[in-house]
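One structure is given here, and the rest of the page talks about it.
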Amino acid sequence: MMSTCVALIVAAGRGRRFGEGTPKQYLDIGGRPMLRHALATFAAHVGVNAVRVVIHSDDRELYDIAATGLNLLEPVTGGPTRQESVRLGLESLAGSAYDTVLIHDAARPFVEAGTITRVITALVKSPGALAALPVHDTIKRARAVSDPVTCVASTVERTNLWQAQTPQGFHFSDILAAHRAAAGESLTDDAAVAERAGLLVQLVEGSRENCKITTAADLYRARRRQSEAHAAVRIGSGFDVHAFGSTGTGICLCGIPIPHDRTLVGHSDADVALHALTDALLGAVAAGDIGRFFPDYDPQWRGRESAFFVRHAVSLVHALGGEVMAVDITIFCESPKVGPYRLAMVTRLAEILDIAVERVSLKATTTEGLGFAGRREGIVAHATVTVQISPPVK
């Protein structure tokens with residue numbers, strides 16, 4: 001059985017030292033709240049099955065703005081300290097059958113998918129893992145001489161010194177027990193809680209980009225980084241097949257009802273073109289496939305309009321700072337004839353994607369009688385999308 005992983009994002013701090021009157025995790029960076037950057041990265045990661053945020057009770061409206069369009073678990077309220085907030089977040093997930101948990105600070109908005117992957121991978125063999133960077137600078141221990149004069153007391157040997165980051169990952173039951181045992185103490189991070197419980201915590205490579213926004217200068221640098229970032233172009237492709245089923249009155253392609261003497265078999269409305277498009281959009285941001293978000297064994301998606309799936313994928317693209325630039329879909333079938341409905345289909349696609357019609361291309365062809373599509377056993381659709389992301393997602 002495959003392991004399931006939940007990400008717990010800690011965003012309950014007050015952090016108002018920037019003079020902007022809003023907790024720092026909700027301040028704007030590159031046109032998006034700081035918290036949203038990390039939320040989008042975790043929500044899109046193929047190794048993360050669910051995301052929950054721990055928030056302050058006063059911040060629900062700010063949170064809702066930051067989480068718009070993302071498929072997240074309901075947030076929970078944190079405590080007066082980070083350690084207590086993490087424990088409360090873990091308690092809220094107890095009994096949810098997640099095998100592993102990643103704990104991440106909202107004040108680290110630029111966490112990269114590669115860092116998340118390395119932490120998850122380390123948990124296969126270790127009970128704990130954290131992203132970290134080796135210390136290369138010379139470290140000095142200070143002593144106060146007089147107010148405000150501080151001098152060097154000694155030089156610290158930097159061999160084997162690492163700078164801890166987040167996410168920090170653990171086997172869920174282990175870290176929950178460790179946090180329960182450490183309740184009321186004051187420990188600097190979750191790795192320290194794990195160490196106190198005797199858990200082995202593996203160090204994995206972090207990233208210089210995964211900086212923590214602590215001071216006004218950090219926020220300034222983060223905003224400048226976003227303003228100077230260059231757009232990145234991503235291309236995604238999707239492929240889907242649906243078989244013809246029983247006799248009927250029509251099918252749905254690109255959100256348009258088309259009269260036909262047979263139906264397409266599918267858990268939702270079986271719109272093969274929109275399913276391929278959903279996969280292409282998710283592929284462009286490396287977020288997996290349609291089955292990850294809308295599994296066919298889940299009854300809530302039975303009969304659901306496929307436009308809902310496409311819009312969810314578009315929301316994820318937007319959350320990662322992306323824009324859908326162009327869409328090209330090819331439908332392979334002997335019947336029904338697509339030509340008479342092409343304009344309506346292109347118009348509907350543009351409406352679902354919320355882009356200009358001239359960015360949407362739709363083609364239809366036959367397979368010259370070859371294969372299952374040629375034998376009129378079903379319909380095939382292939383979609384390609386171009387997405388522009390700024391700043392680049394690494």
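Residue names in the structure tokens use chain letters A, B, ... in the order shown, residue numbers from 1 in each chain, and ligand numbers from 1 in the order shown.
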Using only C-alpha atoms, I'd like a table of the residues in segment 197-302 of chain A that come within 10 Å of segment 173-186 of chain A; for each, show the closest atom pair and its distance in Å rounded to one decimal, ordered by chain and ascending number, as a Markdown table.
| residue | atom | partner | partner_atom | distance |
| --- | --- | --- | --- | --- |
| A:Ala197 | CA | A:Ala178 | CA | 5.6 |
| A:Gly198 | CA | A:Ala178 | CA | 8.9 |
| A:Leu199 | CA | A:Asp174 | CA | 8.1 |
Open item on the list: Give me, as a PyMOL selection string, all polymer residues having an atom no more than 7 Å from segment 248-254 of chain A, counting only C-alpha atoms and skipping those fewer than 3 positions away in the same chain.
Closed with: chain A and resi 257-264+271-274+345+348-349
- [ ] Report the distance between atom CA of Arg14 of chain A and atom CA of Ala222 of chain A in Å, rounded to one decimal place.
- [x]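 Separation of atom CA of Arg14 of chain A and atom CA of Ala222 of chain A: 19.2 Å.
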Task: 8 Å contact set for Val152 of chain A, only C-alpha atoms, chain neighbours under 4 positions out, as a list in words - done: Lys140, Arg141, Ala142 and Arg143 of chain A
Open item on the list: Give me, as a VMD selection string, all polymer residues having an atom no more than 9 Å from segment 285-298 of chain A, counting only C-alpha atoms and skipping those fewer than 2 positions away in the same chain.
Closed with: chain A and resid 43 to 46 49 71 234 to 236 238 266 to 268 275 to 276 278 to 283 300 to 302 309 313 316 to 317 320 322 387 393
- [ ] For Thr81 of chain A, work out the shell of residues within 10 Å, counting only C-alpha atoms and skipping chain neighbours fewer than 3 positions away, then give it as a PyMOL selection string.
- [x] chain A and resi 12-13+78+84-87+184+186
- [ ] Considering only C-alpha atoms, return as a list in words whatever protein or nucleic-acid residues lie within 9 Å of segment 376-381 of chain A, sequence-local ones (same chain, fewer than 3 positions apart) excluded.
- [x]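 These residues fall inside the cut-off: Gly238, Phe239, Asp240, Val241, His242, Ala243, Phe244, Gly245, Leu264, Val265, Val272, Ala273, Leu274, His275, Ala276, Leu277, Ile329, Thr330, Ile331, Phe332, Cys333, Glu334, Ser335, Gly369, Gly371, Phe372 and Ala373 of chain A.
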Serialized selection, C-alpha atoms, as a PDB file, in the first residue's frame:
ATOM      1  CA  GLY A 238      -2.917  15.262 -22.004  1.00  0.00           C
ATOM      2  CA  PHE A 239      -4.383  12.138 -23.559  1.00  0.00           C
ATOM      3  CA  ASP A 240      -7.677  10.445 -22.803  1.00  0.00           C
ATOM      4  CA  VAL A 241      -9.898   7.719 -24.195  1.00  0.00           C
ATOM      5  CA  HIS A 242     -13.547   6.899 -23.547  1.00  0.00           C
ATOM      6  CA  ALA A 243     -15.388   3.931 -24.977  1.00  0.00           C
ATOM      7  CA  PHE A 244     -18.875   4.083 -26.400  1.00  0.00           C
ATOM      8  CA  GLY A 245     -21.446   2.453 -24.196  1.00  0.00           C
ATOM      9  CA  LEU A 264     -19.580   7.613 -23.777  1.00  0.00           C
ATOM     10  CA  VAL A 265     -18.709   5.580 -20.700  1.00  0.00           C
ATOM     11  CA  VAL A 272     -13.026  13.004 -23.204  1.00  0.00           C
ATOM     12  CA  ALA A 273     -11.726  16.320 -24.586  1.00  0.00           C
ATOM     13  CA  LEU A 274     -12.008  18.188 -21.290  1.00  0.00           C
ATOM     14  CA  HIS A 275     -10.390  15.281 -19.451  1.00  0.00           C
ATOM     15  CA  ALA A 276      -7.395  15.447 -21.788  1.00  0.00           C
ATOM     16  CA  LEU A 277      -7.291  19.216 -21.327  1.00  0.00           C
ATOM     17  CA  ILE A 329      -6.985  19.948 -28.781  1.00  0.00           C
ATOM     18  CA  THR A 330      -7.318  17.156 -31.331  1.00  0.00           C
ATOM     19  CA  ILE A 331     -10.295  14.787 -31.262  1.00  0.00           C
ATOM     20  CA  PHE A 332     -10.040  11.403 -33.014  1.00  0.00           C
ATOM     21  CA  CYS A 333     -13.343   9.788 -33.973  1.00  0.00           C
ATOM     22  CA  GLU A 334     -15.318   8.462 -36.931  1.00  0.00           C
ATOM     23  CA  SER A 335     -18.571   9.803 -35.538  1.00  0.00           C
ATOM     24  CA  GLY A 369     -10.832   3.141 -40.023  1.00  0.00           C
ATOM     25  CA  GLY A 371      -7.831   1.045 -34.330  1.00  0.00           C
ATOM     26  CA  PHE A 372     -10.701   1.170 -31.841  1.00  0.00           C
ATOM     27  CA  ALA A 373     -11.571   4.764 -32.801  1.00  0.00           C
TER      28      ALA A 373
END
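Looking only at segment 37-70 of chain A, the set that DSSP places in helix (DSSP H, G or I) from backbone geometry is His37, Ala38, Leu39, Ala40, Thr41, Phe42, Ala43, Ala44, Ser57, Asp58, Asp59, Arg60, Glu61, Leu62, Tyr63, Asp64, Ile65 and Ala66 of chain A.
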Got time to write the residues from that selection, C-alpha atoms, as a compact mmCIF listing (two decimals), in the first residue's frame?
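The resulting selection.txt:
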# COMPACT_ATOMS: atom_id res chain seq x y z
CA HIS A 37 3.13 30.88 -2.65
CA ALA A 38 3.80 27.93 -0.35
CA LEU A 39 0.20 26.69 -0.46
CA ALA A 40 0.27 26.44 -4.25
CA THR A 41 3.59 24.60 -4.30
CA PHE A 42 2.45 21.97 -1.79
CA ALA A 43 -1.01 21.63 -3.34
CA ALA A 44 0.55 20.96 -6.75
CA SER A 57 -8.54 32.86 14.85
CA ASP A 58 -8.53 36.49 13.67
CA ASP A 59 -7.21 35.68 10.20
CA ARG A 60 -9.95 33.62 8.54
CA GLU A 61 -10.83 36.26 5.94
CA LEU A 62 -7.18 36.77 5.05
CA TYR A 63 -6.71 33.01 4.81
CA ASP A 64 -9.71 32.59 2.50
CA ILE A 65 -8.19 35.09 0.09
CA ALA A 66 -4.82 33.32 0.14
- [ ] In Å, rounded to a single decimal, give me how far atom CA of Ala94 of chain A is from atom CA of Thr4 of chain A.
- [x]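 Straight-line distance from atom CA of Thr4 of chain A to atom CA of Ala94 of chain A works out to 13.5 Å.
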